[in-house]
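Working notes, beginning with the structure itself.
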Amino acid sequence: MVQIIDRTAETAQIFQTRNGRNIFSHGRNDARRPTGNLQGVILHQTAFVSHDMARMNYIIANYIVMQDGRILKVRDPSMMLNSIGTNRRSIDIEFVGRYPDARTAHRAHGAGGPPPAQVMQGRALVKHLKETYGLTHVYAHVQFTVKNCPGPHLWYNVGRWAMDDLGMATASTPLPRGWDREELAVA
């Protein structure tokens, strides 16, 4: 069973990120969607490291996986977030960390990626959400933008794993070159 720390009570009255960006779609603080229409998860990385759970309240995500493996639920999956991609039909998962990009991952030789506890809990969360909501897809944020998100290590260890072990599909948009290399394996 996946242990999830529910922080939705702490985030209920937070409508903007710390830099003023709206957290919810179209600035509507009540932007709800039917969870029966959810199709997949979008994997992200925060591009910063912090152990402060209060700071996580301001991240545009439904769930956050901390580096030590703790899973935070910061927004209910019924809430439609102001994020890029298929946010109408997807749950956003942020992984805390600043991980190498596609250009530098080959120099890391497997190092510099997410800690094993974060990978294992990220996998457990994806599996839990798949089983709970009948999800069929896993996406990398980079498939909808040019950012290094979630990065090759997280994609290989969580996204690719979800495709191989859980039978999930992904978007037809290609991933950056080198994101499917076995030497990126963390756990």
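Here, A, B, ... name the chains of the structure tokens in the order displayed, residue numbers run from 1 inside each chain, and ligands are numbered from 1 in the same displayed order.
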
Each stretch 111-160 of chain A residue no farther than 10 Å from stretch 59-66 of chain A, nearest pair in Å, only C-alpha atoms, as a tab-separated table:
residue	atom	partner	partner_atom	distance
A:Pro114	CA	A:Met66	CA	9.9
A:Pro115	CA	A:Met66	CA	9.7
A:Ala117	CA	A:Met66	CA	9.0
A:Gln118	CA	A:Met66	CA	6.4
A:Val119	CA	A:Val65	CA	8.7
A:Gln121	CA	A:Val65	CA	7.3
A:Gly122	CA	A:Val65	CA	6.4
A:Leu125	CA	A:Val65	CA	8.7

Would you put the residues from that selection into a file with N, CA and C atoms, as a compact mmCIF listing (two decimals), in the first residue's frame?
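Full text of selection_6.txt as output:
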# COMPACT_ATOMS: atom_id res chain seq x y z
N PRO A 114 17.91 10.64 -9.66
CA PRO A 114 17.13 10.63 -8.43
C PRO A 114 17.55 9.50 -7.50
N PRO A 115 17.39 9.70 -6.18
CA PRO A 115 17.71 8.64 -5.22
C PRO A 115 16.78 7.43 -5.41
N ALA A 117 15.05 5.71 -3.34
CA ALA A 117 13.78 5.81 -2.59
C ALA A 117 12.76 6.63 -3.37
N GLN A 118 13.21 7.69 -4.04
CA GLN A 118 12.31 8.52 -4.82
C GLN A 118 11.79 7.76 -6.03
N VAL A 119 12.67 7.03 -6.69
CA VAL A 119 12.26 6.23 -7.85
C VAL A 119 11.23 5.17 -7.44
N GLN A 121 9.24 4.99 -4.83
CA GLN A 121 7.96 5.57 -4.43
C GLN A 121 7.23 6.20 -5.61
N GLY A 122 7.99 6.77 -6.55
CA GLY A 122 7.37 7.30 -7.77
C GLY A 122 6.69 6.19 -8.56
N LEU A 125 3.54 5.17 -6.74
CA LEU A 125 2.47 6.16 -6.93
C LEU A 125 1.83 6.00 -8.31

So that I can see what lies close to A:Glu10, please list as a PyMOL selection string the residues with an atom at most 12 Å from it, counting only C-alpha atoms and leaving out residues fewer than 3 positions away in the same chain. chain A and resi 5-7+13-15+53-58+72-75

Would you please give, as a PyMOL selection string, all residues of chain A that DSSP assigns to helix (DSSP H, G or I) based on the backbone? chain A and resi 8-11+25-27+35-37+53-56+105-108+116-133+141-143+152-166+182-184

I need the residue nearest A:Gly159 from this list: A:Ala185, A:Ala140, A:Ile71, A:Leu175. Use only C-alpha atoms for the distance. A:Ala140

Any idea what's packed within 12 Å of A:Ser172, counting only C-alpha atoms, ignoring anything in its chain fewer than 5 positions away? Could you give it as an mmCIF file with C-alpha atoms, in the first residue's frame?
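part.cif written:
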data_model
loop_
_atom_site.group_PDB
_atom_site.id
_atom_site.type_symbol
_atom_site.label_atom_id
_atom_site.label_comp_id
_atom_site.auth_asym_id
_atom_site.auth_seq_id
_atom_site.Cartn_x
_atom_site.Cartn_y
_atom_site.Cartn_z
ATOM 1 C CA HIS A 137 -0.806 6.758 -20.348
ATOM 2 C CA VAL A 138 2.392 8.168 -18.888
ATOM 3 C CA TYR A 139 3.894 11.360 -20.302
ATOM 4 C CA ALA A 140 7.113 13.298 -19.887
ATOM 5 C CA GLN A 143 6.644 15.943 -24.783
ATOM 6 C CA PHE A 144 4.657 19.187 -24.489
#

Spatial neighbours of A:Phe48, 8 Å, only C-alpha atoms, chain gap at least 6 places, as number ranges by chain: A: 96-98

Please, which residues of stretch 41-81 of chain A, numbered as in this document, come out strand (DSSP E or B) from DSSP, as a list in words?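 Of stretch 41-81 of chain A, only Val41, Ile42, Leu43, His44, Gln45, Phe48, Tyr63, Ile64, Val65, Ile71, Leu72, Lys73, Met79 and Leu81 of chain A fall in strand (DSSP E or B).
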
Between atom CA of A:Val2 and atom CA of A:Ser25, what distance in Å does the model show, to one decimal?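 Taking atom CA of A:Val2 and atom CA of A:Ser25, their separation equals 28.0 Å.
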
I'd like the neighbourhood of A:Pro116 as a ChimeraX atom specification, where a residue qualifies if any of its atoms comes within 9 Å (using only C-alpha atoms), though same-chain residues fewer than 4 positions away should be ignored. /A:67-69,120-121,186-187

Residue among A:Cys149, A:Leu129, A:Met80, A:Asp52 lying closest to A:Glu94, counting only C-alpha atoms: A:Cys149
